[in-house]
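Peer 1: See target-v8.pdb below, with PDB, C-alpha atoms.
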```pdb
MODEL        1
ATOM      1  CA  MET E1447      94.453 100.010 122.729
ATOM      2  CA  THR E1448      98.005 100.517 123.950
ATOM      3  CA  TRP E1449      98.805 103.230 121.423
ATOM      4  CA  THR E1450      96.107 105.469 122.887
ATOM      5  CA  ILE E1451      97.950 105.373 126.216
ATOM      6  CA  VAL E1452     101.095 106.516 124.395
ATOM      7  CA  ILE E1453      99.150 109.436 122.903
ATOM      8  CA  LEU E1454      97.650 110.337 126.284
ATOM      9  CA  ALA E1455     101.080 110.419 127.927
ATOM     10  CA  TYR E1456     102.456 112.510 125.069
ATOM     11  CA  ALA E1457      99.545 114.967 125.201
ATOM     12  CA  ALA E1458     100.013 115.388 128.954
ATOM     13  CA  TYR E1459     103.720 116.007 128.411
ATOM     14  CA  LEU E1460     103.108 118.656 125.730
ATOM     15  CA  ALA E1461     100.481 120.391 127.835
ATOM     16  CA  GLY E1462     102.935 120.504 130.713
ATOM     17  CA  VAL E1463     105.670 121.955 128.503
ATOM     18  CA  ALA E1464     103.288 124.556 127.078
ATOM     19  CA  TRP E1465     102.283 125.798 130.519
ATOM     20  CA  LEU E1466     105.721 125.644 132.120
ATOM     21  CA  ARG E1467     107.614 127.415 129.328
ATOM     22  CA  PRO E1468     107.011 130.822 127.788
ATOM     23  CA  THR E1469     104.784 130.247 124.766
ATOM     24  CA  SER E1470     101.633 131.568 123.121
ATOM     25  CA  TRP E1471      98.154 131.136 124.526
ATOM     26  CA  THR E1472      97.231 129.497 121.244
ATOM     27  CA  ALA E1473      99.752 126.735 121.954
ATOM     28  CA  ARG E1474      98.551 126.367 125.532
ATOM     29  CA  VAL E1475      94.900 126.075 124.585
ATOM     30  CA  ALA E1476      95.687 123.729 121.688
ATOM     31  CA  THR E1477      97.752 121.386 123.848
ATOM     32  CA  LEU E1478      94.991 121.291 126.466
ATOM     33  CA  ALA E1479      92.497 120.456 123.720
ATOM     34  CA  GLY E1480      94.873 117.735 122.570
ATOM     35  CA  LEU E1481      94.967 116.334 126.085
ATOM     36  CA  VAL E1482      91.161 116.257 126.234
ATOM     37  CA  GLY E1483      91.052 114.504 122.855
ATOM     38  CA  ALA E1484      93.646 111.959 123.945
ATOM     39  CA  ALA E1485      91.650 111.245 127.092
ATOM     40  CA  ALA E1486      88.516 110.737 124.991
ATOM     41  CA  LEU E1487      90.308 108.049 122.980
ATOM     42  CA  GLN E1488      90.468 105.930 126.118
ATOM     43  CA  GLN E1489      86.684 105.717 126.259
ATOM     44  CA  ALA E1490      84.074 103.753 124.326
ATOM     45  CA  PRO E1491      83.201 103.652 121.489
ATOM     46  CA  TRP E1492      86.758 104.433 120.388
ATOM     47  CA  ALA E1493      88.319 101.846 122.705
ATOM     48  CA  THR E1494      86.234  99.100 121.048
ATOM     49  CA  ALA E1495      86.336 100.426 117.480
ATOM     50  CA  GLY E1496      86.998  98.166 114.529
ATOM     51  CA  PRO E1497      90.502  97.797 113.069
ATOM     52  CA  TRP E1498      90.043 100.208 110.181
ATOM     53  CA  LEU E1499      88.587 102.956 112.360
ATOM     54  CA  ARG E1500      91.412 102.384 114.844
ATOM     55  CA  GLY E1501      93.876 102.866 112.018
ATOM     56  CA  VAL E1502      92.263 106.162 111.000
ATOM     57  CA  LEU E1503      92.293 107.351 114.611
ATOM     58  CA  ALA E1504      95.965 106.401 114.953
ATOM     59  CA  LEU E1505      96.910 108.338 111.827
ATOM     60  CA  VAL E1506      94.920 111.398 112.900
ATOM     61  CA  SER E1507      96.593 111.201 116.312
ATOM     62  CA  LEU E1508     100.042 111.046 114.709
ATOM     63  CA  VAL E1509      99.382 114.129 112.581
ATOM     64  CA  ALA E1510      97.914 115.993 115.567
ATOM     65  CA  ALA E1511     100.932 115.061 117.693
ATOM     66  CA  TYR E1512     103.229 116.551 115.063
ATOM     67  CA  GLN E1513     101.197 119.732 114.639
ATOM     68  CA  LEU E1514     100.923 120.356 118.379
ATOM     69  CA  ALA E1515     104.669 120.013 118.840
ATOM     70  CA  GLY E1516     105.187 122.560 116.064
ATOM     71  CA  LEU E1517     103.225 125.134 118.069
ATOM     72  CA  LEU E1518     105.936 124.978 120.727
ATOM     73  CA  PHE E1519     108.712 125.915 118.283
ATOM     74  CA  ALA E1520     109.976 129.267 119.575
ATOM     75  CA  GLY E1521     112.877 129.646 117.149
ATOM     76  CA  PRO E1522     115.957 127.697 116.067
ATOM     77  CA  ALA E1523     118.963 127.011 118.256
ATOM     78  CA  PRO E1524     122.014 128.271 116.299
ATOM     79  CA  TRP E1525     124.428 126.010 118.202
ATOM     80  CA  LEU E1526     122.410 122.937 117.217
ATOM     81  CA  GLU E1527     122.158 123.940 113.560
ATOM     82  CA  ARG E1528     125.902 124.544 113.401
ATOM     83  CA  ARG E1529     126.667 121.129 114.842
ATOM     84  CA  LEU E1530     124.223 119.339 112.579
ATOM     85  CA  ALA E1531     125.596 121.124 109.507
ATOM     86  CA  ALA E1532     129.176 120.391 110.590
ATOM     87  CA  GLY E1533     128.322 116.700 110.842
ATOM     88  CA  ASP E1534     127.006 116.642 107.287
ATOM     89  CA  ALA E1535     130.037 118.584 106.019
ATOM     90  CA  TRP E1536     132.352 116.072 107.705
ATOM     91  CA  LEU E1537     130.491 113.136 106.148
ATOM     92  CA  ALA E1538     130.600 114.756 102.691
ATOM     93  CA  ARG E1539     134.370 115.175 103.002
ATOM     94  CA  ARG E1540     134.762 111.553 104.066
ATOM     95  CA  LEU E1541     132.743 110.441 101.047
ATOM     96  CA  GLY E1542     134.697 112.736  98.742
ATOM     97  CA  VAL E1543     131.629 114.615  97.510
ATOM     98  CA  PRO E1544     130.886 118.352  97.591
ATOM     99  CA  SER E1545     127.446 117.845  99.149
ATOM    100  CA  LEU E1546     125.172 115.071 100.419
ATOM    101  CA  LYS E1547     122.387 116.108  98.092
ATOM    102  CA  VAL E1548     121.727 114.024  94.977
ATOM    103  CA  THR E1549     121.635 115.905  91.682
ATOM    104  CA  PRO E1550     118.459 115.593  89.584
ATOM    105  CA  GLY E1551     118.232 112.315  87.737
ATOM    106  CA  LEU E1552     116.881 108.783  88.073
ATOM    107  CA  LEU E1553     118.350 108.185  91.523
ATOM    108  CA  ALA E1554     117.036 111.495  92.828
ATOM    109  CA  SER E1555     113.577 110.657  91.454
ATOM    110  CA  LEU E1556     113.558 107.250  93.149
ATOM    111  CA  LEU E1557     114.618 108.726  96.461
ATOM    112  CA  GLU E1558     112.072 111.542  96.277
ATOM    113  CA  THR E1559     109.375 108.974  95.508
ATOM    114  CA  SER E1560     110.452 106.931  98.530
ATOM    115  CA  TYR E1561     110.253 109.987 100.771
ATOM    116  CA  LEU E1562     106.741 110.697  99.507
ATOM    117  CA  LEU E1563     105.676 107.093 100.112
ATOM    118  CA  VAL E1564     106.110 107.408 103.889
ATOM    119  CA  TYR E1565     102.553 108.757 104.043
ATOM    120  CA  PRO E1566     100.781 105.746 102.481
ATOM    121  CA  MET E1567     103.343 103.351 103.977
ATOM    122  CA  LEU E1568     101.887 103.585 107.480
ATOM    123  CA  PRO E1569      98.299 102.565 106.656
ATOM    124  CA  LEU E1570      99.594 100.022 104.141
ATOM    125  CA  GLY E1571     101.648  98.421 106.915
ATOM    126  CA  ALA E1572      98.505  97.854 108.968
ATOM    127  CA  ALA E1573      96.715  96.540 105.875
ATOM    128  CA  ALA E1574      99.597  94.139 105.184
ATOM    129  CA  LEU E1575      99.233  92.684 108.674
ATOM    130  CA  TYR E1576      95.504  92.063 108.223
ATOM    131  CA  LEU E1577      95.776  90.688 104.719
ATOM    132  CA  GLY E1578      98.651  88.480 105.843
ATOM    133  CA  GLY E1579      96.652  86.971 108.693
ATOM    134  CA  ALA E1580      98.523  88.895 111.377
ATOM    135  CA  GLY E1581      95.767  91.327 112.318
ATOM    136  CA  ALA E1582      96.190  90.411 115.977
ATOM    137  CA  TYR E1583      99.341  92.556 115.953
ATOM    138  CA  ASP E1584      97.448  95.683 114.933
ATOM    139  CA  ASP E1585      97.814  97.308 118.346
ATOM    140  CA  ALA E1586     101.523  96.480 118.523
ATOM    141  CA  TYR E1587     101.989  98.014 115.076
ATOM    142  CA  TRP E1588     100.315 101.314 115.860
ATOM    143  CA  THR E1589     101.958 101.468 119.272
ATOM    144  CA  ALA E1590     105.387 101.176 117.623
ATOM    145  CA  VAL E1591     104.535 103.806 115.005
ATOM    146  CA  LEU E1592     102.995 106.279 117.463
ATOM    147  CA  ALA E1593     105.673 105.785 120.116
ATOM    148  CA  SER E1594     108.475 106.367 117.629
ATOM    149  CA  GLY E1595     106.741 109.411 116.167
ATOM    150  CA  VAL E1596     105.964 111.179 119.418
ATOM    151  CA  ALA E1597     109.469 110.471 120.744
ATOM    152  CA  CYS E1598     110.765 112.596 117.850
ATOM    153  CA  TYR E1599     108.104 115.297 118.001
ATOM    154  CA  GLY E1600     108.398 115.613 121.760
ATOM    155  CA  ALA E1601     112.044 116.610 121.443
ATOM    156  CA  LEU E1602     111.204 119.634 119.268
ATOM    157  CA  PRO E1603     110.822 122.169 122.112
ATOM    158  CA  TRP E1604     114.293 121.243 123.376
ATOM    159  CA  LEU E1605     116.114 120.646 120.073
ATOM    160  CA  PRO E1606     114.679 123.310 117.742
ATOM    161  CA  SER E1607     116.228 123.682 114.317
ATOM    162  CA  ARG E1608     115.416 124.367 110.690
ATOM    163  CA  THR E1609     115.769 121.888 107.868
ATOM    164  CA  PRO E1610     118.982 121.922 105.834
ATOM    165  CA  ARG E1611     117.006 122.726 102.669
ATOM    166  CA  ALA E1612     115.955 125.985 104.347
ATOM    167  CA  LEU E1613     119.532 126.952 105.137
ATOM    168  CA  GLU E1614     121.632 125.673 102.251
ATOM    169  CA  PRO E1615     121.582 127.891  99.152
ATOM    170  CA  ASP E1616     122.432 124.926  96.917
ATOM    171  CA  ALA E1617     119.791 122.594  98.359
ATOM    172  CA  PRO E1618     117.541 121.119  95.639
ATOM    173  CA  THR E1619     114.340 123.137  95.348
ATOM    174  CA  GLN E1620     112.789 121.997  92.075
ATOM    175  CA  GLY E1621     112.770 118.986  89.810
ATOM    176  CA  GLU E1622     110.444 116.088  89.146
ATOM    177  CA  TRP E1623     106.829 116.001  90.263
ATOM    178  CA  THR E1624     107.733 113.925  93.325
ATOM    179  CA  ARG E1625     110.047 116.679  94.558
ATOM    180  CA  ARG E1626     107.361 119.262  93.954
ATOM    181  CA  ALA E1627     104.814 117.076  95.751
ATOM    182  CA  ASN E1628     107.102 116.658  98.766
ATOM    183  CA  LEU E1629     107.711 120.393  98.948
ATOM    184  CA  ALA E1630     103.974 121.084  98.642
ATOM    185  CA  VAL E1631     103.290 118.821 101.621
ATOM    186  CA  LEU E1632     106.046 120.500 103.601
ATOM    187  CA  ARG E1633     104.699 123.968 102.786
ATOM    188  CA  ARG E1634     101.142 123.283 103.907
ATOM    189  CA  PRO E1635     100.414 120.475 106.421
ATOM    190  CA  SER E1636     103.997 120.445 107.728
ATOM    191  CA  THR E1637     105.174 122.716 110.529
ATOM    192  CA  GLY E1638     108.187 123.576 108.359
ATOM    193  CA  VAL E1639     110.736 122.898 111.090
ATOM    194  CA  ASN E1640     113.264 120.145 111.636
ATOM    195  CA  THR E1641     112.581 117.361 114.113
ATOM    196  CA  VAL E1642     115.566 115.831 115.849
ATOM    197  CA  PRO E1643     115.325 112.827 115.591
ATOM    198  CA  SER E1644     113.676 112.461 112.186
ATOM    199  CA  GLY E1645     110.029 111.448 112.443
ATOM    200  CA  HIS E1646     110.057 110.116 108.876
ATOM    201  CA  ALA E1647     112.956 107.800 109.600
ATOM    202  CA  ALA E1648     111.572 106.723 112.983
ATOM    203  CA  THR E1649     108.006 105.880 111.983
ATOM    204  CA  SER E1650     108.968 104.120 108.749
ATOM    205  CA  THR E1651     111.599 102.030 110.550
ATOM    206  CA  ALA E1652     109.198 101.053 113.327
ATOM    207  CA  ALA E1653     106.471 100.154 110.814
ATOM    208  CA  ALA E1654     108.845  98.074 108.687
ATOM    209  CA  LEU E1655     110.173  96.107 111.655
ATOM    210  CA  VAL E1656     106.728  95.139 112.966
ATOM    211  CA  VAL E1657     105.480  94.180 109.507
ATOM    212  CA  ALA E1658     108.625  92.170 108.755
ATOM    213  CA  ALA E1659     108.328  90.342 112.070
ATOM    214  CA  HIS E1660     104.747  89.201 111.585
ATOM    215  CA  VAL E1661     103.840  88.864 107.904
ATOM    216  CA  ALA E1662     104.340  85.455 106.360
ATOM    217  CA  SER E1663     105.481  86.721 102.957
ATOM    218  CA  PRO E1664     109.245  87.373 102.778
ATOM    219  CA  VAL E1665     108.632  89.564  99.720
ATOM    220  CA  VAL E1666     106.300  91.876 101.635
ATOM    221  CA  ALA E1667     108.679  91.966 104.597
ATOM    222  CA  ALA E1668     111.661  92.792 102.383
ATOM    223  CA  GLY E1669     109.661  95.443 100.541
ATOM    224  CA  PHE E1670     108.785  97.302 103.731
ATOM    225  CA  VAL E1671     112.346  97.116 105.065
ATOM    226  CA  ALA E1672     113.755  98.333 101.747
ATOM    227  CA  LEU E1673     111.268 101.198 101.626
ATOM    228  CA  ALA E1674     112.168 102.281 105.171
ATOM    229  CA  ALA E1675     115.858 102.229 104.252
ATOM    230  CA  THR E1676     115.359 104.349 101.138
ATOM    231  CA  ILE E1677     113.171 106.800 103.066
ATOM    232  CA  ALA E1678     116.010 107.244 105.551
ATOM    233  CA  VAL E1679     118.489 107.915 102.738
ATOM    234  CA  ALA E1680     116.066 110.293 101.018
ATOM    235  CA  THR E1681     115.681 112.424 104.142
ATOM    236  CA  VAL E1682     119.367 113.310 103.826
ATOM    237  CA  THR E1683     119.850 113.470 100.053
ATOM    238  CA  GLY E1684     116.742 115.630  99.625
ATOM    239  CA  ARG E1685     118.028 117.845 102.458
ATOM    240  CA  TYR E1686     114.870 117.328 104.477
ATOM    241  CA  HIS E1687     117.014 116.267 107.432
ATOM    242  CA  TYR E1688     120.606 116.187 108.561
ATOM    243  CA  THR E1689     122.397 112.856 108.768
ATOM    244  CA  ALA E1690     122.395 112.962 112.570
ATOM    245  CA  ASP E1691     118.612 113.483 112.617
ATOM    246  CA  THR E1692     118.079 110.506 110.383
ATOM    247  CA  LEU E1693     120.406 108.151 112.224
ATOM    248  CA  ALA E1694     118.765 109.096 115.513
ATOM    249  CA  GLY E1695     115.347 108.535 113.951
ATOM    250  CA  VAL E1696     116.312 105.076 112.721
ATOM    251  CA  LEU E1697     117.531 104.190 116.219
ATOM    252  CA  VAL E1698     114.307 105.452 117.804
ATOM    253  CA  GLY E1699     112.211 103.520 115.287
ATOM    254  CA  ALA E1700     114.265 100.357 115.756
ATOM    255  CA  LEU E1701     113.888 100.569 119.534
ATOM    256  CA  ALA E1702     110.140 101.162 119.347
ATOM    257  CA  GLY E1703     109.725  98.362 116.838
ATOM    258  CA  ALA E1704     111.802  95.928 118.870
ATOM    259  CA  LEU E1705     109.847  96.677 122.044
ATOM    260  CA  CYS E1706     106.517  96.118 120.270
ATOM    261  CA  ILE E1707     107.335  92.983 118.303
TER     262      ILE E1707
ENDMDL
END
```
Using structure tokens, write down the structure that the file contains.

Peer 2:
Amino acid sequence: MTWTIVILAYAAYLAGVAWLRPTSWTARVATLAGLVGAAALQQAPWATAGPWLRGVLALVSLVAAYQLAGLLFAGPAPWLERRLAAGDAWLARRLGVPSLKVTPGLLASLLETSYLLVYPMLPLGAAALYLGGAGAYDDAYWTAVLASGVACYGALPWLPSRTPRALEPDAPTQGEWTRRANLAVLRRPSTGVNTVPSGHAATSTAAALVVAAHVASPVVAAGFVALAATIAVATVTGRYHYTADTLAGVLVGALAGALCI
């Protein structure tokens, strides 16, 4: 499984960062444990597991990769936050709007729903390949998703920042159940920090590109591409990410997807 090699390389990188930079012993021990777990994935029976178990292992590895990177967050970089915020302010002026956030309403609900759908989108992408007779591309799919995700998470120790919703007093904080659900996820399983590039934008873009390249149904392909696009927009309008984060994430996801197609 090629994606397990990606995870092993990432785990080795994080462990190296944890031991070479000032950080907590909790982070150091956790990253070493992650490295041991990544090494175990290279061995049987995991290396010969069935497609559905491989999918579960890939998703668990993606979540673990994100959580481990969060342990290396030592505090935000003010210079980075200022530049990211300035970029959004410039774009808002160019668009002639006071803010990039979308006020509560139908459009905001649709975008919040799209942002929430990134979580089921990844396993559904793998399922779409199998149901569409393209199960042979399972490894390419998960390699694209994992590679794009860890490329974003791995940058966190060097590009630390907080999300715009945490810094902007007028950022949307309540609303429909989808907004509340997104915020609940971000309060608990999430590390609560901003990844530059955006992991949401990267993984959804990579998943959509691989699915669109290999499924026979143009409707399914278009659906995944459209969902990835709306997720990217929602990261900005919901103030989960800055525009620069999202654009960088889309580029990372497109590169990973193109290399794995």

Peer 1: Determine, counting all atoms listed in the file, which protein, DNA and RNA residues have an atom within 12 Å of an atom of stretch 1536-1550 of chain E; residues of the same chain fewer than 2 positions away are not included. Present the result as a PyMOL selection string.

Peer 2: chain E and resi 1529-1534+1552-1558+1610-1611+1614-1625+1679-1690

Peer 1: Please, could you write that set of residues out with C-alpha atoms as a PDB file, keeping the file's coordinate frame?

Peer 2:
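The new file result_4.pdb reads:
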```
ATOM      1  CA  ARG E1529     126.667 121.129 114.842  1.00  0.00           C
ATOM      2  CA  LEU E1530     124.223 119.339 112.579  1.00  0.00           C
ATOM      3  CA  ALA E1531     125.596 121.124 109.507  1.00  0.00           C
ATOM      4  CA  ALA E1532     129.176 120.391 110.590  1.00  0.00           C
ATOM      5  CA  GLY E1533     128.322 116.700 110.842  1.00  0.00           C
ATOM      6  CA  ASP E1534     127.006 116.642 107.287  1.00  0.00           C
ATOM      7  CA  LEU E1552     116.881 108.783  88.073  1.00  0.00           C
ATOM      8  CA  LEU E1553     118.350 108.185  91.523  1.00  0.00           C
ATOM      9  CA  ALA E1554     117.036 111.495  92.828  1.00  0.00           C
ATOM     10  CA  SER E1555     113.577 110.657  91.454  1.00  0.00           C
ATOM     11  CA  LEU E1556     113.558 107.250  93.149  1.00  0.00           C
ATOM     12  CA  LEU E1557     114.618 108.726  96.461  1.00  0.00           C
ATOM     13  CA  GLU E1558     112.072 111.542  96.277  1.00  0.00           C
ATOM     14  CA  PRO E1610     118.982 121.922 105.834  1.00  0.00           C
ATOM     15  CA  ARG E1611     117.006 122.726 102.669  1.00  0.00           C
ATOM     16  CA  GLU E1614     121.632 125.673 102.251  1.00  0.00           C
ATOM     17  CA  PRO E1615     121.582 127.891  99.152  1.00  0.00           C
ATOM     18  CA  ASP E1616     122.432 124.926  96.917  1.00  0.00           C
ATOM     19  CA  ALA E1617     119.791 122.594  98.359  1.00  0.00           C
ATOM     20  CA  PRO E1618     117.541 121.119  95.639  1.00  0.00           C
ATOM     21  CA  THR E1619     114.340 123.137  95.348  1.00  0.00           C
ATOM     22  CA  GLN E1620     112.789 121.997  92.075  1.00  0.00           C
ATOM     23  CA  GLY E1621     112.770 118.986  89.810  1.00  0.00           C
ATOM     24  CA  GLU E1622     110.444 116.088  89.146  1.00  0.00           C
ATOM     25  CA  TRP E1623     106.829 116.001  90.263  1.00  0.00           C
ATOM     26  CA  THR E1624     107.733 113.925  93.325  1.00  0.00           C
ATOM     27  CA  ARG E1625     110.047 116.679  94.558  1.00  0.00           C
ATOM     28  CA  VAL E1679     118.489 107.915 102.738  1.00  0.00           C
ATOM     29  CA  ALA E1680     116.066 110.293 101.018  1.00  0.00           C
ATOM     30  CA  THR E1681     115.681 112.424 104.142  1.00  0.00           C
ATOM     31  CA  VAL E1682     119.367 113.310 103.826  1.00  0.00           C
ATOM     32  CA  THR E1683     119.850 113.470 100.053  1.00  0.00           C
ATOM     33  CA  GLY E1684     116.742 115.630  99.625  1.00  0.00           C
ATOM     34  CA  ARG E1685     118.028 117.845 102.458  1.00  0.00           C
ATOM     35  CA  TYR E1686     114.870 117.328 104.477  1.00  0.00           C
ATOM     36  CA  HIS E1687     117.014 116.267 107.432  1.00  0.00           C
ATOM     37  CA  TYR E1688     120.606 116.187 108.561  1.00  0.00           C
ATOM     38  CA  THR E1689     122.397 112.856 108.768  1.00  0.00           C
ATOM     39  CA  ALA E1690     122.395 112.962 112.570  1.00  0.00           C
TER      40      ALA E1690
END
```

Peer 1: I need the residue nearest E:Ala1473 from this list: E:Phe1519, E:Tyr1459, E:Trp1604, E:Trp1449. Use only C-alpha atoms for the distance.

Peer 2: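 For E:Ala1473, the nearest of the given residues is E:Phe1519.
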
Peer 1: Restricting the calculation to all atoms listed in the file: of E:Leu1568, E:Leu1592, E:Ala1486, E:Ala1582, which residue gets closest to E:Ala1510?

Peer 2: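 That would be E:Leu1592, the residue with the smallest distance to E:Ala1510.
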
Peer 1: If the PyMOL selection byres ((chain E and resi 1593) around 10) is run on the structure shown, which residues does it catch, given as a PyMOL selection string?

Peer 2: chain E and resi 1449-1453+1456+1508+1587-1592+1594-1598+1648-1649+1652+1698-1699+1701-1703+1706

Peer 1: So how many Å separate atom CA of E:Ala1700 and atom CA of E:Gly1645, to one decimal?

Peer 2: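 Atom CA of E:Ala1700 sits 12.3 Å away from atom CA of E:Gly1645.
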